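Novice: Following this line is structure_9.txt, made up of compact mmCIF, C-alpha atoms and all ligand atoms:
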```txt
# COMPACT_ATOMS: atom_id res chain seq x y z
CA MET A 2 0.00 0.00 0.00
CA ILE A 3 1.26 3.52 -0.83
CA ILE A 4 1.12 6.01 2.04
CA VAL A 5 1.69 9.72 1.53
CA CYS A 6 2.87 11.90 4.41
CA ASP A 7 0.22 14.61 4.71
CA LYS A 8 2.86 17.15 5.73
CA CYS A 9 5.84 16.73 3.36
CA GLN A 10 3.99 14.62 0.70
CA THR A 11 6.73 11.92 0.64
CA ARG A 12 5.35 8.59 -0.62
CA PHE A 13 6.12 5.32 1.20
CA GLN A 14 5.48 1.68 0.42
CA LEU A 15 3.97 -0.08 3.45
CA ASP A 16 3.23 -3.79 3.84
CA VAL A 17 -0.09 -3.56 5.74
CA SER A 18 -0.32 -7.36 6.08
CA LEU A 19 2.28 -7.09 8.87
CA ILE A 20 0.05 -4.74 10.89
CA LYS A 21 -2.87 -6.25 12.77
CA LYS A 22 -4.97 -3.06 13.07
CA THR A 23 -6.87 -1.18 10.34
CA LEU A 24 -6.33 2.23 12.01
CA PHE A 25 -2.80 2.99 13.19
CA LYS A 26 -0.25 5.78 13.48
CA VAL A 27 2.94 6.16 11.47
CA ARG A 28 5.90 8.53 11.65
CA CYS A 29 7.35 9.98 8.43
CA SER A 30 11.09 9.17 8.34
CA LYS A 31 11.74 12.38 6.39
CA CYS A 32 9.92 15.13 8.33
CA LYS A 33 9.08 13.13 11.52
CA HIS A 34 5.40 14.07 11.21
CA VAL A 35 3.08 11.56 12.95
CA PHE A 36 -0.23 10.84 11.21
CA SER A 37 -3.00 8.22 11.16
CA VAL A 38 -3.47 5.60 8.46
CA ASP A 39 -6.83 3.94 7.92
CA THR A 40 -6.72 0.68 5.92
CA SER A 41 -10.36 -0.29 6.48
CA PRO A 42 -12.18 -1.15 3.21
CA LYS A 43 -13.84 1.80 1.48
CA GLU A 44 -16.28 2.02 -1.42
CA ASP A 45 -13.83 3.97 -3.54
CA VAL A 46 -10.21 4.74 -2.87
CA TYR A 47 -8.89 7.97 -4.34
CA GLU A 48 -5.13 7.93 -4.54
CA LEU A 49 -3.86 11.45 -4.06
CA THR A 50 -1.42 11.99 -6.86
CA SER A 51 -0.22 15.31 -8.10
CA SER A 52 -1.46 16.30 -11.54
CA ASN A 53 0.72 17.73 -14.29
CA ILE A 54 -2.21 19.24 -16.22
CA ALA A 55 -2.05 23.00 -16.62
CA PRO A 56 -4.45 24.36 -13.98
CA ASP A 57 -5.97 26.70 -16.56
CA LYS A 58 -7.67 23.90 -18.48
CA LYS A 59 -8.36 21.17 -16.03
CA VAL A 60 -12.13 21.74 -15.78
CA ILE A 61 -13.76 21.59 -19.22
CA ALA A 62 -17.43 22.44 -19.77
CA ILE A 63 -19.11 21.00 -22.86
CA CYS A 64 -21.85 23.44 -23.79
CA ASN A 65 -24.23 24.40 -26.56
CA GLN A 66 -27.81 25.35 -25.86
CA LYS A 67 -28.87 23.66 -29.06
CA GLY A 68 -30.07 20.13 -28.37
CA GLY A 69 -28.71 16.95 -29.92
CA VAL A 70 -25.33 18.30 -31.09
CA ALA A 71 -23.32 15.52 -29.32
CA LYS A 72 -22.49 17.26 -26.03
CA THR A 73 -23.05 14.07 -24.02
CA SER A 74 -21.38 11.87 -26.66
CA THR A 75 -18.35 14.18 -26.63
CA CYS A 76 -18.17 14.27 -22.83
CA LEU A 77 -18.34 10.47 -22.72
CA ASN A 78 -15.90 9.70 -25.51
CA LEU A 79 -13.38 12.46 -24.93
CA GLY A 80 -13.41 11.52 -21.24
CA ALA A 81 -12.99 7.82 -21.99
CA SER A 82 -10.21 8.57 -24.52
CA LEU A 83 -8.35 10.71 -21.97
CA SER A 84 -8.73 7.95 -19.36
CA LEU A 85 -7.27 5.40 -21.80
CA THR A 86 -4.10 7.52 -21.99
CA GLY A 87 -3.75 7.21 -18.20
CA ARG A 88 -5.39 10.49 -17.24
CA ARG A 89 -7.68 10.39 -14.22
CA VAL A 90 -10.96 11.82 -15.47
CA LEU A 91 -14.13 12.88 -13.66
CA LEU A 92 -17.28 13.23 -15.78
CA VAL A 93 -19.90 15.48 -14.22
CA ASP A 94 -23.43 14.82 -15.44
CA PHE A 95 -24.87 18.29 -14.99
CA ASP A 96 -28.08 17.70 -16.92
CA VAL A 97 -31.40 16.59 -15.42
CA GLN A 98 -31.96 14.39 -18.49
CA ALA A 99 -29.15 12.29 -16.92
CA ASN A 100 -28.20 10.82 -20.31
CA LEU A 101 -24.55 10.44 -19.36
CA SER A 102 -25.53 8.59 -16.16
CA LEU A 103 -27.88 6.33 -18.14
CA LEU A 104 -25.05 5.44 -20.52
CA PHE A 105 -23.15 4.12 -17.49
CA CYS A 106 -26.29 2.38 -16.12
CA GLN A 107 -26.31 4.79 -13.15
CA LYS A 108 -30.03 5.53 -12.99
CA ASN A 109 -31.57 7.33 -9.97
CA GLN A 110 -28.28 7.50 -8.10
CA PRO A 111 -27.51 10.27 -5.58
CA SER A 112 -26.42 13.31 -7.57
CA PHE A 113 -25.26 16.89 -7.28
CA TYR A 114 -28.73 17.62 -5.80
CA GLU A 115 -28.14 15.40 -2.75
CA VAL A 116 -24.64 16.88 -2.41
CA MET A 117 -26.10 20.41 -2.37
CA GLN A 118 -28.76 19.36 0.15
CA LYS A 119 -25.94 17.96 2.36
CA GLU A 120 -27.59 14.53 2.15
CA ALA A 121 -24.53 13.00 0.47
CA ASP A 122 -20.79 13.48 0.48
CA ILE A 123 -19.48 14.41 -2.99
CA LEU A 124 -16.62 11.87 -2.99
CA LYS A 125 -19.00 9.08 -1.96
CA THR A 126 -21.47 10.15 -4.68
CA ILE A 127 -18.81 9.87 -7.39
CA LYS A 128 -18.76 6.39 -8.96
CA ASN A 129 -15.78 4.68 -10.53
CA VAL A 130 -17.23 3.59 -13.91
CA ARG A 131 -14.15 2.40 -15.83
CA PRO A 132 -10.40 2.35 -15.12
CA ASN A 133 -9.30 5.99 -14.58
CA LEU A 134 -12.86 7.18 -15.21
CA TRP A 135 -15.31 8.48 -12.58
CA LEU A 136 -18.84 9.86 -12.81
CA LEU A 137 -20.78 12.32 -10.68
CA PRO A 138 -24.27 11.14 -11.67
CA ALA A 139 -27.36 13.26 -12.33
CA ASN A 140 -30.95 12.51 -11.41
CA SER A 141 -34.30 14.18 -11.99
CA LYS A 142 -34.28 15.85 -8.55
CA MET A 143 -31.64 18.20 -9.90
CA SER A 144 -34.47 20.10 -11.60
CA LEU A 145 -35.49 21.27 -8.09
CA LEU A 146 -32.16 22.98 -7.52
CA ALA A 147 -32.95 26.16 -9.41
CA ARG A 148 -36.21 26.62 -7.45
CA GLU A 149 -35.05 25.55 -3.98
CA CYS A 150 -31.70 27.31 -3.92
CA LEU A 151 -32.43 30.51 -5.84
CA GLN A 152 -32.22 32.62 -2.67
CA GLN A 153 -28.74 31.38 -1.73
CA LYS A 154 -26.05 33.96 -2.33
CA ASP A 155 -23.60 31.54 -3.98
CA PHE A 156 -26.31 30.11 -6.29
CA GLY A 157 -24.32 31.01 -9.43
CA ILE A 158 -21.13 29.30 -8.26
CA PHE A 159 -22.59 26.10 -6.75
CA LEU A 160 -20.68 23.77 -9.05
CA ARG A 161 -17.40 25.67 -8.78
CA ASN A 162 -17.61 25.51 -4.97
CA ALA A 163 -18.49 21.81 -5.00
CA LEU A 164 -15.61 20.89 -7.34
CA GLU A 165 -12.95 23.03 -5.70
CA PRO A 166 -12.06 20.64 -2.83
CA ILE A 167 -12.08 17.48 -4.98
CA LYS A 168 -10.61 18.48 -8.32
CA SER A 169 -7.06 17.75 -7.18
CA HIS A 170 -7.99 14.04 -7.29
CA PHE A 171 -8.37 14.19 -11.06
CA ASP A 172 -6.35 15.27 -14.09
CA TYR A 173 -9.46 16.44 -15.94
CA VAL A 174 -13.04 17.24 -14.98
CA LEU A 175 -15.47 17.21 -17.94
CA ILE A 176 -18.92 18.73 -17.40
CA ASP A 177 -21.86 17.70 -19.58
CA THR A 178 -24.54 20.39 -19.75
CA PRO A 179 -28.18 20.52 -20.92
CA PRO A 180 -29.52 22.28 -24.03
CA SER A 181 -30.55 25.39 -22.09
CA ILE A 182 -29.03 28.60 -20.77
CA LYS A 183 -30.73 28.43 -17.37
CA PHE A 184 -28.89 27.64 -14.12
CA PHE A 185 -26.85 24.57 -15.23
CA THR A 186 -24.95 26.00 -18.21
CA PRO A 187 -23.92 29.29 -16.51
CA ASN A 188 -22.93 27.35 -13.39
CA ALA A 189 -20.82 24.98 -15.52
CA LEU A 190 -19.19 27.89 -17.36
CA ILE A 191 -18.30 29.59 -14.08
CA ALA A 192 -16.76 26.34 -12.80
CA ALA A 193 -14.84 25.81 -16.07
CA ASP A 194 -11.32 26.71 -17.13
CA PHE A 195 -12.01 25.87 -20.78
CA VAL A 196 -15.10 25.28 -22.96
CA ILE A 197 -15.78 22.89 -25.83
CA ILE A 198 -18.76 23.88 -28.03
CA PRO A 199 -19.87 20.90 -30.12
CA THR A 200 -21.94 21.69 -33.19
CA GLN A 201 -23.33 19.97 -36.22
CA ALA A 202 -22.64 21.40 -39.66
CA GLU A 203 -26.17 22.79 -39.92
CA PHE A 204 -27.17 26.38 -40.48
CA LEU A 205 -29.34 26.64 -37.32
CA ALA A 206 -26.73 24.89 -35.18
CA MET A 207 -24.34 27.78 -35.88
CA ASN A 208 -26.75 30.00 -33.95
CA GLY A 209 -26.30 27.83 -30.86
CA VAL A 210 -22.53 28.26 -31.13
CA MET A 211 -22.87 32.03 -31.36
CA GLN A 212 -25.17 32.15 -28.32
CA THR A 213 -22.77 30.06 -26.26
CA GLU A 214 -19.89 32.23 -27.45
CA SER A 215 -21.76 35.37 -26.31
CA ILE A 216 -22.28 33.95 -22.79
CA ILE A 217 -18.57 33.11 -22.66
CA LYS A 218 -17.74 36.65 -23.75
CA ALA A 219 -20.06 38.08 -21.08
CA LEU A 220 -18.19 36.02 -18.47
CA ALA A 221 -14.90 37.22 -19.92
CA LYS A 222 -15.53 40.60 -18.30
CA THR A 223 -14.49 39.03 -15.02
CA ARG A 224 -11.95 36.46 -16.29
CA VAL A 225 -10.53 34.87 -19.43
CA LEU A 226 -12.33 31.71 -20.53
CA ASP A 227 -10.89 30.06 -23.64
CA TYR A 228 -13.00 27.85 -25.91
CA ARG A 229 -12.92 25.71 -29.06
CA VAL A 230 -15.70 24.73 -31.45
CA LEU A 231 -15.91 21.02 -32.30
CA LEU A 232 -17.68 19.90 -35.47
CA THR A 233 -19.64 16.71 -34.78
CA MET A 234 -21.72 14.23 -36.80
CA TYR A 235 -20.15 15.57 -39.99
CA ASP A 236 -21.39 13.98 -43.20
CA GLN A 237 -18.66 14.44 -45.80
CA ASN A 238 -21.06 13.53 -48.61
CA ASN A 239 -23.54 16.27 -47.80
CA THR A 240 -22.96 19.46 -49.78
CA ALA A 241 -24.91 21.69 -47.34
CA SER A 242 -22.76 20.37 -44.46
CA LYS A 243 -19.59 21.18 -46.41
CA VAL A 244 -20.79 24.78 -46.95
CA VAL A 245 -21.61 25.24 -43.23
CA PHE A 246 -18.27 23.67 -42.26
CA SER A 247 -16.46 26.17 -44.46
CA LYS A 248 -18.46 29.07 -42.89
CA LEU A 249 -17.57 27.82 -39.41
CA LYS A 250 -13.87 27.64 -40.33
CA THR A 251 -13.95 31.17 -41.71
CA ARG A 252 -15.66 32.54 -38.62
CA TYR A 253 -13.87 30.61 -35.86
CA LYS A 254 -10.43 30.07 -37.47
CA ASP A 255 -8.04 28.84 -34.73
CA LYS A 256 -10.95 28.64 -32.27
CA MET A 257 -12.02 25.47 -34.10
CA PHE A 258 -10.54 22.08 -33.39
CA THR A 259 -8.82 20.61 -36.46
CA THR A 260 -10.27 17.23 -35.48
CA VAL A 261 -13.78 16.70 -36.83
CA ILE A 262 -16.09 13.94 -35.57
CA ASP A 263 -17.79 12.24 -38.51
CA LEU A 264 -21.31 10.90 -38.59
CA ASP A 265 -20.68 7.29 -37.59
CA PHE A 266 -23.33 4.63 -36.93
CA LYS A 267 -20.86 2.92 -34.56
CA MET A 268 -21.53 5.77 -32.15
CA GLN A 269 -25.24 4.93 -31.96
CA GLU A 270 -24.49 1.19 -31.69
CA SER A 271 -22.07 1.82 -28.82
CA GLN A 272 -24.69 3.76 -26.87
CA ILE A 273 -27.22 0.92 -27.23
CA VAL A 274 -24.78 -1.40 -25.42
CA ASN A 275 -23.80 1.30 -22.86
CA GLU A 276 -20.18 1.55 -23.97
CA PRO A 277 -18.10 4.56 -25.01
CA VAL A 278 -17.33 4.06 -28.73
CA VAL A 279 -13.61 4.05 -27.87
CA TYR A 280 -14.32 0.82 -25.94
CA TYR A 281 -17.00 -0.61 -28.25
CA ASP A 282 -14.95 -0.36 -31.45
CA GLU A 283 -11.59 1.27 -30.91
CA LYS A 284 -10.85 1.28 -34.65
CA SER A 285 -14.12 2.92 -35.68
CA VAL A 286 -13.92 6.31 -37.38
CA SER A 287 -15.43 8.21 -34.44
CA ALA A 288 -13.27 6.38 -31.86
CA LEU A 289 -10.10 7.32 -33.76
CA GLN A 290 -11.33 10.91 -34.06
CA TYR A 291 -12.08 11.24 -30.33
CA LYS A 292 -8.61 9.83 -29.62
CA ALA A 293 -7.11 12.44 -31.98
CA LEU A 294 -9.09 15.11 -30.12
CA VAL A 295 -7.26 14.18 -26.90
CA LYS A 296 -4.00 15.49 -28.36
CA GLU A 297 -5.59 18.78 -29.36
CA VAL A 298 -7.24 19.22 -25.96
CA GLU A 299 -3.93 18.58 -24.22
CA GLU A 300 -2.23 21.15 -26.47
CA ALA A 301 -5.04 23.75 -26.59
N1 LIG B 401 -20.57 11.02 -34.40
C1 LIG B 401 -21.83 10.60 -34.33
N2 LIG B 401 -22.36 9.86 -35.32
C2 LIG B 401 -23.64 9.44 -35.29
N3 LIG B 401 -24.48 9.70 -34.28
C3 LIG B 401 -24.02 10.44 -33.26
C4 LIG B 401 -22.68 10.93 -33.22
N4 LIG B 401 -22.53 11.64 -32.08
C5 LIG B 401 -23.69 11.59 -31.44
N5 LIG B 401 -24.59 10.87 -32.13
C6 LIG B 401 -25.99 10.62 -31.77
O1 LIG B 401 -26.70 11.86 -31.77
C7 LIG B 401 -27.68 11.86 -30.75
C8 LIG B 401 -27.51 13.10 -29.88
O2 LIG B 401 -26.26 12.99 -29.22
P1 LIG B 401 -26.06 13.53 -27.73
O3 LIG B 401 -27.09 12.97 -26.83
O4 LIG B 401 -24.64 13.32 -27.40
O5 LIG B 401 -26.35 15.08 -27.96
P2 LIG B 401 -26.55 16.20 -26.84
O6 LIG B 401 -26.04 17.48 -27.43
O7 LIG B 401 -25.94 15.77 -25.58
O8 LIG B 401 -28.12 16.25 -26.69
P3 LIG B 401 -28.94 17.09 -25.58
O9 LIG B 401 -28.87 18.50 -26.02
O10 LIG B 401 -30.32 16.52 -25.64
O11 LIG B 401 -28.28 16.85 -24.27
C9 LIG B 401 -27.53 10.56 -29.98
O12 LIG B 401 -28.50 9.65 -30.44
C10 LIG B 401 -26.14 10.07 -30.37
O13 LIG B 401 -26.08 8.65 -30.40
MG MG B 402 -26.83 15.62 -23.65
```
For the structure just supplied, provide its representation as structure tokens.
Specialist:
Amino acid sequence: MIIVCDKCQTRFQLDVSLIKKTLFKVRCSKCKHVFSVDTSPKEDVYELTSSNIAPDKKVIAICNQKGGVAKTSTCLNLGASLSLTGRRVLLVDFDVQANLSLLFCQKNQPSFYEVMQKEADILKTIKNVRPNLWLLPANSKMSLLARECLQQKDFGIFLRNALEPIKSHFDYVLIDTPPSIKFFTPNALIAADFVIIPTQAEFLAMNGVMQTESIIKALAKTRVLDYRVLLTMYDQNNTASKVVFSKLKTRYKDKMFTTVIDLDFKMQESQIVNEPVVYYDEKSVSALQYKALVKEVEEA
């Protein structure tokens, strides 16, 4: 078992089989600090490792108030692709539709709502869903949040406050948001260091990108929030899509990811069997594209 001194952060290897108790004290040989070690079984064990991700893009919100543009699919597959490279990734389902939670078969689980009501501890609410991949589930009670908590003074920064003490456990935190600009999306944007705006190559979808961009710019009065537009479900054989893609490139230039996610039926198949496409068919077009996106996100 690895033990980390909570004063000087030195890591030690300890053979706990030689110790007959589950709760005992140890002394750090480096700084002489004495601290307690608890080896009793826990639901989830979060190893405290330092992260080498730039702190200015650790928390990524995936937003577009237009529905059905692949926000959830991007959160799931970018998160899974990052986790496959060894990154420790937390996915936050911040949408009362709870689609991301359903894709991991986490229906009606305690969510951010119970955490806000102090009925659940956030670390105990987070579920380990795949190696290196965790989920903070959503449930339908989250729709009560906006009504019940409106009077609270930190209403607009609920998510940021909730993530602050736990984000050091993860390399990346990806937030899936609903197709709306009420409560959840602004809260996610305030919690975020970086934003991904997925969009289809459709004329009306461009409007959703512009609206999201204007909220980001409004927030920019208080701090810098960088973003990239991601083209999703792109059909290379559709002339109208090609025209919209070219308009998007002209307008967003280097604010667009070079990686494009093609329309790929493997994506829909993977969701039927509750698997990220990068697990379901790692050689599929969309799986390879989400893996390519990892590199761009890390370099953005
Ligand atoms: N690359 C793709 N190829 C084909 N289908 C896709 C692709 N990406 C997503 N889809 C499908 O598009 C639909 C909408 O995707 P998704 O739920 O991720 O969108 P969303 O933006 O999260 O929607 P909402 O706004 O309702 O939350 C889903 O049925 C999904 O399977
Ligand atoms: Mg969604």
Novice: Contacts of Ile216 in chain A at 12 Å or less, counting all atoms listed in the file, minus same-chain residues fewer than 5 places along, as JSON, numbers by chain?
Specialist: {"A": [64, 65, 66, 181, 182, 183, 186, 187, 188, 189, 190, 191, 196, 198, 209, 210, 211, 221, 222, 226, 228]}
Novice: Can I get the selection written as a PDB file, keeping the file's coordinate frame, with C-alpha atoms?
Specialist:
```pdb
ATOM      1  CA  CYS A  64     -21.850  23.440 -23.790  1.00  0.00           C
ATOM      2  CA  ASN A  65     -24.230  24.400 -26.560  1.00  0.00           C
ATOM      3  CA  GLN A  66     -27.810  25.350 -25.860  1.00  0.00           C
ATOM      4  CA  SER A 181     -30.550  25.390 -22.090  1.00  0.00           C
ATOM      5  CA  ILE A 182     -29.030  28.600 -20.770  1.00  0.00           C
ATOM      6  CA  LYS A 183     -30.730  28.430 -17.370  1.00  0.00           C
ATOM      7  CA  THR A 186     -24.950  26.000 -18.210  1.00  0.00           C
ATOM      8  CA  PRO A 187     -23.920  29.290 -16.510  1.00  0.00           C
ATOM      9  CA  ASN A 188     -22.930  27.350 -13.390  1.00  0.00           C
ATOM     10  CA  ALA A 189     -20.820  24.980 -15.520  1.00  0.00           C
ATOM     11  CA  LEU A 190     -19.190  27.890 -17.360  1.00  0.00           C
ATOM     12  CA  ILE A 191     -18.300  29.590 -14.080  1.00  0.00           C
ATOM     13  CA  VAL A 196     -15.100  25.280 -22.960  1.00  0.00           C
ATOM     14  CA  ILE A 198     -18.760  23.880 -28.030  1.00  0.00           C
ATOM     15  CA  GLY A 209     -26.300  27.830 -30.860  1.00  0.00           C
ATOM     16  CA  VAL A 210     -22.530  28.260 -31.130  1.00  0.00           C
ATOM     17  CA  MET A 211     -22.870  32.030 -31.360  1.00  0.00           C
ATOM     18  CA  ALA A 221     -14.900  37.220 -19.920  1.00  0.00           C
ATOM     19  CA  LYS A 222     -15.530  40.600 -18.300  1.00  0.00           C
ATOM     20  CA  LEU A 226     -12.330  31.710 -20.530  1.00  0.00           C
ATOM     21  CA  TYR A 228     -13.000  27.850 -25.910  1.00  0.00           C
TER      22      TYR A 228
END
```
Novice: With all atoms listed in the file counted, collect every polymer residue having an atom within 7 Å of ligand MG 402 (chain B); state the result as a ChimeraX atom specification.
Specialist: /A:69,71-73,100,177-179
Novice: Neighbours of Val93 in chain A within 6 Å (all atoms listed in the file; same-chain residues fewer than 5 positions away dropped), as a list in words?
Specialist: Leu136, Leu137 and Ile176 of chain A
Novice: Counting only C-alpha atoms and all ligand atoms, name the residues that have an atom within 8 Å of an atom of ligand LIG 401 (chain B); the answer should be given as a PDB file with C-alpha atoms, keeping the file's coordinate frame.
Specialist:
```
ATOM      1  CA  ASN A  65     -24.230  24.400 -26.560  1.00  0.00           C
ATOM      2  CA  GLN A  66     -27.810  25.350 -25.860  1.00  0.00           C
ATOM      3  CA  LYS A  67     -28.870  23.660 -29.060  1.00  0.00           C
ATOM      4  CA  GLY A  68     -30.070  20.130 -28.370  1.00  0.00           C
ATOM      5  CA  GLY A  69     -28.710  16.950 -29.920  1.00  0.00           C
ATOM      6  CA  VAL A  70     -25.330  18.300 -31.090  1.00  0.00           C
ATOM      7  CA  ALA A  71     -23.320  15.520 -29.320  1.00  0.00           C
ATOM      8  CA  LYS A  72     -22.490  17.260 -26.030  1.00  0.00           C
ATOM      9  CA  THR A  73     -23.050  14.070 -24.020  1.00  0.00           C
ATOM     10  CA  SER A  74     -21.380  11.870 -26.660  1.00  0.00           C
ATOM     11  CA  THR A  75     -18.350  14.180 -26.630  1.00  0.00           C
ATOM     12  CA  CYS A  76     -18.170  14.270 -22.830  1.00  0.00           C
ATOM     13  CA  ASP A  96     -28.080  17.700 -16.920  1.00  0.00           C
ATOM     14  CA  GLN A  98     -31.960  14.390 -18.490  1.00  0.00           C
ATOM     15  CA  ASN A 100     -28.200  10.820 -20.310  1.00  0.00           C
ATOM     16  CA  ASP A 177     -21.860  17.700 -19.580  1.00  0.00           C
ATOM     17  CA  THR A 178     -24.540  20.390 -19.750  1.00  0.00           C
ATOM     18  CA  PRO A 179     -28.180  20.520 -20.920  1.00  0.00           C
ATOM     19  CA  PRO A 180     -29.520  22.280 -24.030  1.00  0.00           C
ATOM     20  CA  PRO A 199     -19.870  20.900 -30.120  1.00  0.00           C
ATOM     21  CA  THR A 233     -19.640  16.710 -34.780  1.00  0.00           C
ATOM     22  CA  MET A 234     -21.720  14.230 -36.800  1.00  0.00           C
ATOM     23  CA  TYR A 235     -20.150  15.570 -39.990  1.00  0.00           C
ATOM     24  CA  ILE A 262     -16.090  13.940 -35.570  1.00  0.00           C
ATOM     25  CA  ASP A 263     -17.790  12.240 -38.510  1.00  0.00           C
ATOM     26  CA  LEU A 264     -21.310  10.900 -38.590  1.00  0.00           C
ATOM     27  CA  ASP A 265     -20.680   7.290 -37.590  1.00  0.00           C
ATOM     28  CA  PHE A 266     -23.330   4.630 -36.930  1.00  0.00           C
ATOM     29  CA  LYS A 267     -20.860   2.920 -34.560  1.00  0.00           C
ATOM     30  CA  MET A 268     -21.530   5.770 -32.150  1.00  0.00           C
ATOM     31  CA  GLN A 269     -25.240   4.930 -31.960  1.00  0.00           C
ATOM     32  CA  GLU A 270     -24.490   1.190 -31.690  1.00  0.00           C
ATOM     33  CA  GLN A 272     -24.690   3.760 -26.870  1.00  0.00           C
ATOM     34  CA  SER A 287     -15.430   8.210 -34.440  1.00  0.00           C
TER      35      SER A 287
END
```
Novice: Identify which of the residues A:Val244, A:Leu249, A:Cys9, A:Ala192 lies closest to Ile63 in chain A, counting only C-alpha atoms when measuring atom-to-atom distances.
Specialist: A:Ala192
Novice: Here's a test: counting all atoms listed in the file, identify every protein, DNA and RNA residue with an atom at most 8 Å from (-17.6, 12.5, -18.6) in the file's coordinate frame, and state them as a list of chain:residue names.
Specialist: A:Thr73, A:Cys76, A:Leu77, A:Asn78, A:Leu79, A:Gly80, A:Ala81, A:Val90, A:Leu91, A:Leu92, A:Val93, A:Asp94, A:Leu101, A:Leu134, A:Trp135, A:Leu136, A:Val174, A:Leu175, A:Ile176, A:Asp177
Novice: May I have the residues within 12 Å of Pro166 in chain A as a tab-separated table (two decimals) with C-alpha atoms, in the frame of the given file, using only C-alpha atoms and disregarding those fewer than 6 positions away in the same chain?
Specialist:
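New file part_7.tsv:
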```
chain	number	residue	atom	x	y	z
A	122	ASP	CA	-20.79	13.48	0.48
A	123	ILE	CA	-19.48	14.41	-2.99
A	124	LEU	CA	-16.62	11.87	-2.99
A	160	LEU	CA	-20.68	23.77	-9.05
```
Novice: Find, counting only C-alpha atoms, the residue in A:Glu203, A:Glu120, A:Glu214, A:Glu297 that gets nearest to Val245 in chain A.
Specialist: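 Looking at the shortest contact to Val245 in chain A, the residue is A:Glu203.
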Novice: Nearest to Thr23 in chain A among A:Leu164, A:Thr11, A:Lys254, A:Thr40, with distances taken over all atoms listed in the file: which residue is it?
Specialist: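 Of A:Leu164, A:Thr11, A:Lys254, A:Thr40, the one nearest Thr23 in chain A is A:Thr40, counting all atoms listed in the file.
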Novice: Which is closer to Ile273 in chain A than all the others in A:Leu19, A:Arg89, A:Leu104, A:Ser285, using all atoms listed in the file?
Specialist: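 Closest to Ile273 in chain A of all the choices is A:Leu104.
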Novice: Find the distance between CA of Val278 in chain A and CA of Arg229 in chain A and write it in Å to one decimal.
Specialist: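 Rounded to one decimal, the two atoms are 22.1 Å apart.
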Novice: Taking 5 positions as the minimum chain separation for residues in the same chain, which residues sit within 12 Å of Ala301 in chain A when counting all atoms listed in the file? Answer as a list in words.
Specialist: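 Near Ala301 in chain A, the qualifying residues are Ile54, Ala55, Asp57, Lys58, Lys59, Ile61, Asp194, Phe195, Val196, Ile197, Asp227, Tyr228, Arg229, Val230, Asp255, Lys256, Met257, Phe258, Thr259, Leu294, Val295 and Lys296 of chain A.
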